[in-house]
$ cat work18.csv   # CSV, C-alpha atoms
chain,number,residue,atom,x,y,z
A,1,ASP,CA,-200.5,-42.6,8.0
A,2,GLY,CA,-198.1,-45.4,7.2
A,3,ILE,CA,-194.5,-45.9,8.4
A,4,ILE,CA,-191.7,-43.6,7.1
A,5,PHE,CA,-188.6,-45.7,6.3
A,6,ASN,CA,-185.3,-43.8,6.8
A,7,GLN,CA,-183.1,-45.4,4.2
A,8,PHE,CA,-179.5,-46.0,5.2
A,9,GLU,CA,-177.9,-43.7,2.7
A,10,ASP,CA,-174.7,-42.1,4.0
A,11,LYS,CA,-171.9,-43.7,1.9
A,12,GLU,CA,-169.2,-43.7,4.6
A,13,SER,CA,-171.6,-45.4,7.1
A,14,ARG,CA,-172.7,-47.9,4.4
A,15,TYR,CA,-169.1,-48.9,3.7
A,16,ARG,CA,-168.2,-49.1,7.4
A,17,HIS,CA,-171.3,-51.2,8.3
A,18,ARG,CA,-171.8,-53.2,5.2
A,19,HIS,CA,-174.2,-55.6,6.9
A,20,LEU,CA,-176.6,-52.8,7.6
A,21,ASP,CA,-176.1,-51.5,4.0
A,22,LEU,CA,-177.2,-54.9,2.7
A,23,ILE,CA,-180.3,-54.9,4.9
A,24,ALA,CA,-181.3,-51.3,4.2
A,25,ASN,CA,-180.4,-51.4,0.5
A,26,PRO,CA,-181.1,-54.9,-0.9
A,27,GLU,CA,-180.0,-53.8,-4.4
A,28,ILE,CA,-176.4,-53.6,-3.2
A,29,LYS,CA,-176.4,-57.3,-2.7
A,30,ASN,CA,-177.0,-57.7,-6.5
A,31,ILE,CA,-173.7,-55.9,-7.2
A,32,PHE,CA,-171.8,-58.5,-5.3
A,33,ILE,CA,-173.7,-61.3,-6.8
A,34,LYS,CA,-172.7,-59.9,-10.2
A,35,ARG,CA,-169.1,-59.6,-9.0
A,36,ALA,CA,-169.0,-63.3,-8.1
A,37,ARG,CA,-170.5,-64.3,-11.5
A,38,ILE,CA,-168.1,-62.0,-13.4
A,39,ILE,CA,-165.0,-63.5,-11.7
A,40,SER,CA,-166.4,-67.0,-12.3
A,41,SER,CA,-166.9,-66.3,-16.0
A,42,ILE,CA,-163.3,-65.0,-16.3
A,43,ARG,CA,-162.0,-68.1,-14.6
A,44,LYS,CA,-164.0,-70.4,-16.9
A,45,TYR,CA,-162.8,-68.6,-20.0
A,46,LEU,CA,-159.1,-69.1,-18.9
A,47,ASP,CA,-159.7,-72.7,-17.8
A,48,ASP,CA,-161.4,-73.5,-21.1
A,49,ASN,CA,-158.4,-72.0,-23.0
A,50,GLU,CA,-156.0,-74.3,-21.1
A,51,PHE,CA,-154.6,-71.8,-18.7
A,52,ILE,CA,-153.6,-73.3,-15.4
A,53,GLU,CA,-154.6,-71.4,-12.2
A,54,VAL,CA,-151.9,-71.1,-9.6
A,55,GLU,CA,-151.2,-69.4,-6.3
A,56,THR,CA,-148.1,-67.4,-5.6
A,57,PRO,CA,-146.9,-65.8,-2.3
A,58,VAL,CA,-148.5,-62.8,-0.7
A,59,LEU,CA,-145.6,-62.4,1.7
A,60,GLN,CA,-142.5,-61.6,-0.3
A,61,SER,CA,-138.9,-60.9,0.8
A,62,ILE,CA,-138.5,-58.8,-2.4
A,63,TYR,CA,-141.4,-57.0,-3.9
A,64,GLY,CA,-141.7,-56.4,-7.7
A,65,GLY,CA,-143.7,-56.6,-10.9
A,66,ALA,CA,-145.1,-53.1,-10.7
A,67,SER,CA,-144.1,-49.5,-9.9
A,68,ALA,CA,-145.7,-49.0,-6.5
A,69,ARG,CA,-144.9,-48.5,-2.8
A,70,PRO,CA,-145.3,-51.7,-0.7
A,71,PHE,CA,-146.7,-52.4,2.7
A,72,THR,CA,-144.0,-53.8,5.0
A,73,THR,CA,-144.3,-56.4,7.8
A,74,PHE,CA,-142.0,-58.5,9.9
A,75,HIS,CA,-141.7,-62.3,10.4
A,76,ASN,CA,-140.6,-62.9,14.0
A,77,SER,CA,-139.4,-66.5,13.7
A,78,LEU,CA,-137.3,-65.7,10.6
A,79,ASN,CA,-136.3,-62.3,12.0
A,80,GLN,CA,-136.8,-60.9,8.5
A,81,GLU,CA,-138.7,-58.0,6.9
A,82,TYR,CA,-141.4,-59.0,4.4
A,83,PHE,CA,-143.6,-57.1,2.0
A,84,LEU,CA,-147.2,-57.6,0.9
A,85,ARG,CA,-147.1,-58.3,-2.8
A,86,ILE,CA,-147.7,-55.4,-5.1
A,87,ALA,CA,-148.1,-57.8,-8.1
A,88,ASP,CA,-147.6,-61.5,-8.7
A,89,GLU,CA,-145.9,-61.0,-12.1
A,90,LEU,CA,-142.3,-62.2,-11.2
A,91,PHE,CA,-143.5,-65.4,-9.7
A,92,LEU,CA,-145.9,-66.2,-12.6
A,93,LYS,CA,-143.0,-65.7,-15.0
A,94,ARG,CA,-140.9,-68.1,-13.0
A,95,LEU,CA,-143.5,-70.7,-13.8
A,96,ILE,CA,-143.3,-69.9,-17.5
A,97,ILE,CA,-139.5,-70.4,-17.2
A,98,GLY,CA,-140.2,-73.7,-15.4
A,99,GLY,CA,-142.3,-75.1,-18.3
A,100,PHE,CA,-145.9,-73.9,-17.6
A,101,ASP,CA,-147.0,-72.5,-21.0
A,102,LYS,CA,-150.1,-70.8,-19.8
A,103,VAL,CA,-150.7,-69.7,-16.2
A,104,TYR,CA,-153.0,-67.3,-14.4
A,105,GLU,CA,-153.8,-66.1,-10.9
A,106,ILE,CA,-156.7,-64.0,-9.5
A,107,SER,CA,-155.1,-62.4,-6.5
A,108,LYS,CA,-155.3,-59.8,-3.8
A,109,ASN,CA,-152.5,-57.2,-4.2
A,110,PHE,CA,-151.6,-54.4,-1.9
A,111,ARG,CA,-150.1,-51.0,-2.7
A,112,ASN,CA,-149.3,-48.3,-0.2
A,113,GLU,CA,-150.8,-45.4,-2.2
A,114,GLY,CA,-153.6,-42.9,-2.1
A,115,ILE,CA,-157.3,-43.7,-2.0
A,116,ASP,CA,-159.7,-42.3,-4.6
A,117,LYS,CA,-162.6,-43.5,-6.7
A,118,ASN,CA,-160.3,-45.8,-8.8
A,119,HIS,CA,-157.8,-46.9,-6.1
A,120,ASN,CA,-158.1,-49.0,-2.9
A,121,PRO,CA,-154.9,-50.1,-1.1
A,122,GLU,CA,-156.1,-53.7,-1.3
A,123,PHE,CA,-157.5,-54.7,-4.7
A,124,THR,CA,-158.1,-57.8,-6.9
A,125,SER,CA,-156.1,-58.4,-10.0
A,126,LEU,CA,-156.0,-61.0,-12.7
A,127,GLU,CA,-152.6,-61.7,-14.2
A,128,PHE,CA,-152.1,-64.3,-17.0
A,129,TYR,CA,-149.0,-65.3,-19.0
A,130,GLN,CA,-148.6,-67.3,-22.2
A,131,ALA,CA,-145.3,-68.7,-23.6
A,132,TYR,CA,-144.5,-68.2,-27.2
A,133,ALA,CA,-146.8,-65.2,-27.4
A,134,ASP,CA,-146.4,-61.4,-27.5
A,135,LEU,CA,-148.2,-58.1,-27.1
A,136,TYR,CA,-150.4,-58.7,-30.2
A,137,ASP,CA,-151.6,-62.0,-29.0
A,138,MET,CA,-152.4,-60.4,-25.6
A,139,ILE,CA,-154.5,-57.7,-27.3
A,140,ASN,CA,-156.6,-60.4,-28.9
A,141,ILE,CA,-157.0,-62.5,-25.7
A,142,THR,CA,-157.8,-59.4,-23.5
A,143,GLU,CA,-160.5,-58.2,-25.9
A,144,SER,CA,-161.9,-61.7,-26.0
A,145,ILE,CA,-162.0,-62.0,-22.2
A,146,VAL,CA,-163.9,-58.7,-21.8
A,147,LYS,CA,-166.3,-59.5,-24.6
A,148,HIS,CA,-166.9,-63.0,-23.2
A,149,VAL,CA,-167.6,-61.7,-19.7
A,150,ALA,CA,-170.0,-59.1,-21.0
A,151,LYS,CA,-171.8,-61.6,-23.2
A,152,VAL,CA,-172.1,-64.4,-20.6
A,153,ASN,CA,-173.4,-61.9,-18.1
A,154,LYS,CA,-175.8,-60.2,-20.6
A,155,ILE,CA,-174.2,-56.8,-20.3
A,156,ASN,CA,-172.8,-56.1,-23.8
A,157,LYS,CA,-174.1,-52.5,-23.8
A,158,ILE,CA,-173.4,-50.8,-20.6
A,159,LYS,CA,-174.2,-47.4,-19.0
A,160,PHE,CA,-171.3,-46.0,-17.1
A,161,GLY,CA,-172.1,-42.6,-15.5
A,162,GLU,CA,-173.3,-40.4,-18.4
A,163,TYR,CA,-171.8,-42.6,-21.1
A,164,ASN,CA,-173.2,-45.5,-23.1
A,165,ILE,CA,-170.5,-48.0,-24.1
A,166,ASP,CA,-170.9,-50.9,-26.5
A,167,LEU,CA,-168.5,-53.7,-25.5
A,168,ALA,CA,-169.6,-55.9,-28.5
A,169,LYS,CA,-168.0,-53.5,-31.1
A,170,PRO,CA,-164.3,-54.0,-32.1
A,171,PHE,CA,-161.9,-52.2,-29.7
A,172,ASN,CA,-159.8,-49.4,-31.0
A,173,THR,CA,-156.0,-49.1,-30.9
A,174,ALA,CA,-153.8,-46.0,-30.9
A,175,THR,CA,-150.3,-45.0,-29.8
A,176,ILE,CA,-149.8,-42.8,-26.8
A,177,PHE,CA,-148.2,-40.1,-29.0
A,178,ASP,CA,-151.2,-40.0,-31.4
A,179,LEU,CA,-153.5,-39.5,-28.4
A,180,LEU,CA,-151.4,-36.9,-26.8
A,181,LYS,CA,-151.3,-35.0,-30.1
A,182,LYS,CA,-155.1,-35.2,-30.4
A,183,TYR,CA,-155.9,-34.1,-26.8
A,184,SER,CA,-153.0,-31.7,-26.0
A,185,ASP,CA,-152.8,-30.1,-29.5
A,186,GLU,CA,-149.1,-30.7,-29.7
A,187,ASP,CA,-146.9,-33.3,-31.3
A,188,LEU,CA,-144.8,-34.5,-28.4
A,189,SER,CA,-143.1,-37.4,-30.1
A,190,LYS,CA,-139.9,-35.4,-31.0
A,191,LEU,CA,-139.5,-33.5,-27.8
A,192,GLU,CA,-136.7,-34.2,-25.3
A,193,THR,CA,-137.2,-34.4,-21.5
A,194,ALA,CA,-136.4,-30.7,-20.9
A,195,GLU,CA,-138.8,-29.6,-23.6
A,196,LEU,CA,-141.5,-31.8,-22.2
A,197,ILE,CA,-141.1,-30.3,-18.8
A,198,GLU,CA,-141.3,-26.8,-20.3
A,199,PHE,CA,-144.4,-27.7,-22.2
A,200,ALA,CA,-146.1,-29.3,-19.2
A,201,LYS,CA,-145.2,-26.4,-16.8
A,202,TYR,CA,-145.6,-23.3,-18.9
A,203,GLU,CA,-148.0,-24.2,-21.7
A,204,LYS,CA,-150.3,-26.7,-19.8
A,205,LYS,CA,-149.8,-25.2,-16.3
A,206,LEU,CA,-149.1,-28.5,-14.6
A,207,ASP,CA,-147.3,-28.9,-11.4
A,208,ILE,CA,-144.3,-30.9,-12.6
A,209,ASP,CA,-141.4,-32.2,-10.5
A,210,LYS,CA,-138.2,-31.3,-12.5
A,211,ASN,CA,-136.7,-34.6,-11.4
A,212,LEU,CA,-139.3,-36.7,-13.4
A,213,ASN,CA,-137.8,-38.7,-16.2
A,214,TYR,CA,-139.0,-38.7,-19.8
A,215,GLY,CA,-141.6,-41.4,-19.4
A,216,GLN,CA,-143.0,-40.1,-16.1
A,217,ILE,CA,-143.7,-36.7,-17.7
A,218,LEU,CA,-145.4,-38.2,-20.7
A,219,ASP,CA,-147.4,-40.4,-18.3
A,220,LYS,CA,-148.4,-37.3,-16.3
A,221,LEU,CA,-149.5,-35.5,-19.4
A,222,PHE,CA,-151.4,-38.5,-20.6
A,223,SER,CA,-153.2,-38.9,-17.3
A,224,GLU,CA,-154.2,-35.2,-17.3
A,225,PHE,CA,-155.3,-34.6,-20.9
A,226,VAL,CA,-156.0,-38.0,-22.5
A,227,GLU,CA,-157.2,-40.6,-20.0
A,228,PRO,CA,-160.5,-38.9,-19.1
A,229,ASN,CA,-161.5,-38.9,-22.8
A,230,LEU,CA,-161.0,-42.6,-23.4
A,231,ILE,CA,-164.5,-43.8,-23.0
A,232,ASP,CA,-165.0,-46.4,-25.7
A,233,PRO,CA,-162.6,-49.4,-25.3
A,234,ILE,CA,-159.1,-48.6,-26.7
A,235,PHE,CA,-155.7,-50.2,-26.5
A,236,VAL,CA,-153.0,-47.6,-26.0
A,237,THR,CA,-149.6,-48.7,-27.2
A,238,ASP,CA,-145.9,-47.4,-27.6
A,239,TYR,CA,-145.0,-46.6,-24.0
A,240,PRO,CA,-141.6,-45.2,-23.1
A,241,LYS,CA,-139.0,-47.8,-21.8
A,242,SER,CA,-138.2,-45.7,-18.7
A,243,ILE,CA,-141.6,-46.5,-17.2
A,244,SER,CA,-141.8,-50.0,-18.6
A,245,PRO,CA,-138.8,-51.9,-17.1
A,246,LEU,CA,-140.2,-55.4,-17.7
A,247,ALA,CA,-141.2,-54.9,-21.4
A,248,LYS,CA,-139.3,-55.7,-24.6
A,249,ILE,CA,-138.2,-53.0,-27.0
A,250,LYS,CA,-140.6,-52.5,-29.8
A,251,ARG,CA,-139.6,-54.3,-33.0
A,252,GLY,CA,-138.6,-52.0,-35.8
A,253,GLY,CA,-139.1,-48.9,-33.6
A,254,SER,CA,-137.2,-46.5,-31.4
A,255,ASN,CA,-134.9,-48.0,-28.7
A,256,ASN,CA,-136.9,-45.9,-26.1
A,257,ILE,CA,-140.3,-47.4,-27.0
A,258,VAL,CA,-141.5,-50.8,-25.7
A,259,GLU,CA,-144.1,-53.4,-26.7
A,260,ARG,CA,-146.8,-52.5,-24.1
A,261,PHE,CA,-150.5,-51.7,-24.1
A,262,GLU,CA,-152.9,-50.3,-21.6
A,263,LEU,CA,-156.6,-50.9,-22.1
A,264,PHE,CA,-158.8,-47.9,-21.3
A,265,ILE,CA,-162.6,-48.0,-20.9
A,266,GLY,CA,-164.8,-45.4,-19.3
A,267,GLY,CA,-161.9,-43.1,-18.7
A,268,MET,CA,-160.1,-45.8,-16.6
A,269,GLU,CA,-157.1,-48.0,-17.1
A,270,ILE,CA,-158.5,-51.6,-17.1
A,271,ALA,CA,-155.5,-53.7,-18.2
A,272,ASN,CA,-151.8,-53.5,-18.7
A,273,SER,CA,-149.7,-55.8,-20.9
A,274,PHE,CA,-146.2,-56.4,-22.2
A,275,SER,CA,-144.2,-58.5,-24.6
A,276,GLU,CA,-142.2,-59.7,-21.6
A,277,LEU,CA,-138.5,-58.9,-21.5
A,278,ASN,CA,-136.7,-62.2,-21.4
A,279,ASP,CA,-133.0,-61.1,-21.7
A,280,PRO,CA,-131.4,-61.3,-18.2
A,281,LEU,CA,-128.6,-58.9,-19.0
A,282,GLU,CA,-131.0,-56.2,-20.3
A,283,GLN,CA,-133.4,-56.9,-17.3
A,284,ARG,CA,-130.5,-56.3,-14.9
A,285,LYS,CA,-129.7,-52.9,-16.6
A,286,ARG,CA,-133.3,-51.9,-16.4
A,287,LEU,CA,-133.7,-52.7,-12.7
A,288,GLU,CA,-130.4,-51.1,-11.9
A,289,ALA,CA,-131.8,-47.9,-13.5
A,290,GLN,CA,-134.9,-48.3,-11.3
A,291,SER,CA,-132.7,-48.6,-8.2
A,292,LEU,CA,-131.1,-45.3,-9.0
A,293,LEU,CA,-134.5,-43.7,-9.2
A,294,LYS,CA,-135.3,-45.2,-5.8
A,295,GLU,CA,-132.1,-43.7,-4.3
A,296,GLN,CA,-133.2,-40.3,-5.7
A,297,GLY,CA,-136.5,-40.5,-3.7
A,298,ASP,CA,-138.9,-42.3,-6.1
A,299,TYR,CA,-140.7,-44.6,-3.7
A,300,GLU,CA,-142.5,-46.4,-6.5
A,301,ALA,CA,-139.4,-47.4,-8.4
A,302,GLN,CA,-138.8,-51.1,-8.8
A,303,VAL,CA,-136.1,-53.0,-7.0
A,304,ILE,CA,-133.6,-55.6,-8.2
A,305,ASP,CA,-134.7,-59.2,-7.7
A,306,GLU,CA,-131.6,-61.4,-8.0
A,307,ASN,CA,-133.6,-64.6,-7.8
A,308,TYR,CA,-135.8,-63.5,-10.7
A,309,ILE,CA,-132.8,-62.6,-12.8
A,310,GLN,CA,-131.2,-65.9,-12.1
A,311,ALA,CA,-134.4,-67.7,-13.0
A,312,MET,CA,-134.4,-65.8,-16.3
A,313,GLU,CA,-130.8,-66.9,-17.0
A,314,ALA,CA,-132.1,-70.5,-17.1
A,315,GLY,CA,-134.0,-69.6,-20.3
A,316,MET,CA,-137.3,-67.7,-20.6
A,317,PRO,CA,-139.3,-68.2,-23.8
A,318,PRO,CA,-140.9,-65.3,-25.6
A,319,THR,CA,-143.9,-64.5,-23.4
A,320,GLY,CA,-146.9,-62.3,-23.4
A,321,GLY,CA,-148.5,-61.2,-20.1
A,322,VAL,CA,-151.5,-59.2,-19.0
A,323,GLY,CA,-152.8,-57.7,-15.8
A,324,ILE,CA,-156.5,-56.8,-15.5
A,325,GLY,CA,-157.9,-54.7,-12.6
A,326,ILE,CA,-160.9,-56.9,-11.6
A,327,ASP,CA,-162.5,-54.2,-9.4
A,328,ARG,CA,-162.4,-51.6,-12.2
A,329,LEU,CA,-163.9,-54.0,-14.7
A,330,ILE,CA,-166.7,-54.7,-12.2
A,331,MET,CA,-167.2,-51.0,-11.7
A,332,LEU,CA,-167.8,-50.7,-15.5
A,333,LEU,CA,-170.1,-53.7,-15.7
A,334,THR,CA,-172.2,-52.6,-12.7
A,335,ASN,CA,-172.2,-48.8,-13.4
A,336,SER,CA,-170.5,-48.2,-10.1
A,337,GLN,CA,-168.7,-44.8,-9.9
A,338,SER,CA,-166.4,-45.7,-7.0
A,339,ILE,CA,-164.2,-48.7,-6.4
A,340,LYS,CA,-165.6,-48.8,-2.8
A,341,ASP,CA,-169.0,-49.7,-4.3
A,342,VAL,CA,-167.6,-53.0,-5.7
A,343,ILE,CA,-165.3,-54.0,-2.8
A,344,ILE,CA,-167.5,-55.5,-0.1
A,345,PHE,CA,-165.3,-54.2,2.8
A,346,PRO,CA,-163.2,-51.3,1.4
A,347,THR,CA,-160.3,-49.8,3.3
A,348,LEU,CA,-161.4,-46.9,5.6
A,349,LYS,CA,-159.8,-44.6,8.1
A,350,ASN,CA,-160.6,-45.4,11.7
A,351,GLU,CA,-163.6,-43.4,13.0
A,352,ASP,CA,-161.5,-41.9,15.8

$ encode --input "work18.csv" --output "structure tokens"
Amino acid sequence: DGIIFNQFEDKESRYRHRHLDLIANPEIKNIFIKRARIISSIRKYLDDNEFIEVETPVLQSIYGGASARPFTTFHNSLNQEYFLRIADELFLKRLIIGGFDKVYEISKNFRNEGIDKNHNPEFTSLEFYQAYADLYDMINITESIVKHVAKVNKINKIKFGEYNIDLAKPFNTATIFDLLKKYSDEDLSKLETAELIEFAKYEKKLDIDKNLNYGQILDKLFSEFVEPNLIDPIFVTDYPKSISPLAKIKRGGSNNIVERFELFIGGMEIANSFSELNDPLEQRKRLEAQSLLKEQGDYEAQVIDENYIQAMEAGMPPTGGVGIGIDRLIMLLTNSQSIKDVIIFPTLKNED
């Protein structure tokens, strides 16, 4: 009659007992072999283009470089609170100030936030910075990295869920306002904060906190109506200054818009980039505004890093920087629908 093999299928059990998952489902091993090769090909691209790989602290006395809530810990000998890094941006930019023209780090970051198909509290990120470069140089490099990785790993045309995506074709570019107009059927570029709240609450029936600022409301609308539609690769530009405190004001544009892009593929944000703000006086003003938000209860607002501002006062060249979510890129390239499928030991709640 033969032997019936009960495949180890329960996802929660598979994540919790990955060794058994690998035994019962050998194809899972291939995802993590691909992961290793993808990361290796990213590293080779950057090395071949004269970027220097560095390592920056995971334990930080001041966290920064992103809008996120940190994990806290305590160093007994120093009698001091520390934070697990939420990003390595401010340390990498210190190296740009110190004379490294091209640097990168592939790092583990930690954010004390919710868990869903695109978010794990511990995740892998690539950040790279180049002196005497800007947002537009970063668009070219980011597209080149994604295309290089796809080509080297022979996965130019990918299937992601129900979608077929061709990574070999030129990536699109559009402003956040153009996309909001397209998918919300309203031109929001001229609306003030109060009008945006009214539009979101009453016309689009979103649950909106009235204390959100202009940029946060736009971001909420974008996440709800635009992001799920961005399947083919697209660079989204022209973000509000209020949610981009580390980015330069857009040249020739409004004082409230910065030189920033986010790359979306498969309905997910894959990369984030700025023409990096290098004016220490302006940087202090921006971070002071963030501190006010934190005092008002925004746990993800950024904090003032005096050491970083002092480093910037020594002279920071014009710089372009990019952060790429490695786990999400690997999700795309392996047709994995959850970030837990590409993290070999994802974060899970205790069984009890």

$ residues_near_point --input "work18.csv" --point "(-158.8, -48.8, -4.3)" --cutoff "9 Å" --atoms "all atoms listed in the file" --output "PyMOL selection string"
chain A and resi 113-123+327+338-340+343+346-347

$ residues_around --input "work18.csv" --residues "Asp21 (chain A)" --least-positions-apart "6" --cutoff "12 Å" --atoms "all atoms listed in the file" --output "list of chain:residue names"
A:Gln7, A:Phe8, A:Glu9, A:Asp10, A:Lys11, A:Glu12, A:Ser13, A:Arg14, A:Tyr15, A:Glu27, A:Ile28, A:Lys29, A:Asp341, A:Ile344, A:Phe345

$ closest_atom_pairs --input "work18.csv" --of "region 243-312 of chain A" --to "region 172-183 of chain A" --cutoff "12 Å" --atoms "all atoms listed in the file" --output "Markdown table"
| residue | atom | partner | partner_atom | distance |
| --- | --- | --- | --- | --- |
| A:Ile257 | CA | A:Ile176 | CA | 10.6 |
| A:Val258 | CA | A:Thr175 | CA | 11.3 |
| A:Glu259 | CA | A:Thr175 | CA | 10.9 |
| A:Arg260 | CA | A:Thr175 | CA | 10.0 |
| A:Phe261 | CA | A:Thr175 | CA | 8.8 |
| A:Glu262 | CA | A:Ile176 | CA | 9.6 |
| A:Leu263 | CA | A:Thr173 | CA | 9.0 |
| A:Phe264 | CA | A:Asn172 | CA | 9.9 |
| A:Ile265 | CA | A:Asn172 | CA | 10.6 |

$ atom_distance --input "work18.csv" --atom1 "CA of Gly315 (chain A)" --atom2 "CA of Phe100 (chain A)"
12.9 Å

$ residues_around --input "work18.csv" --residues "Tyr163 (chain A)" --least-positions-apart "2" --cutoff "12 Å" --atoms "only C-alpha atoms" --output "ChimeraX atom specification"
/A:157-161,165-166,229-232,265-267,332,335,337

$ closest_atom_pairs --input "work18.csv" --of "region 10-103 of chain A" --to "region 140-149 of chain A" --cutoff "8 Å" --atoms "all atoms listed in the file" --output "CSV"
residue,atom,partner,partner_atom,distance
A:Ile38,CA,A:Val149,CA,6.3
A:Ser41,CA,A:Val149,CA,5.9
A:Ile42,CA,A:Val149,CA,6.4
A:Tyr45,CA,A:Ile145,CA,7.0

$ residues_near_point --input "work18.csv" --point "(-133.5, -32.4, -9.8)" --cutoff "12 Å" --atoms "only C-alpha atoms" --output "ChimeraX atom specification"
/A:194,197,208-213,293,296-298

$ residues_around --input "work18.csv" --residues "region 61-68 of chain A" --least-positions-apart "4" --cutoff "7 Å" --atoms "all atoms listed in the file" --output "NGL selection string"
:A and (81-83 or 85-90 or 111 or 300-303 or 305)
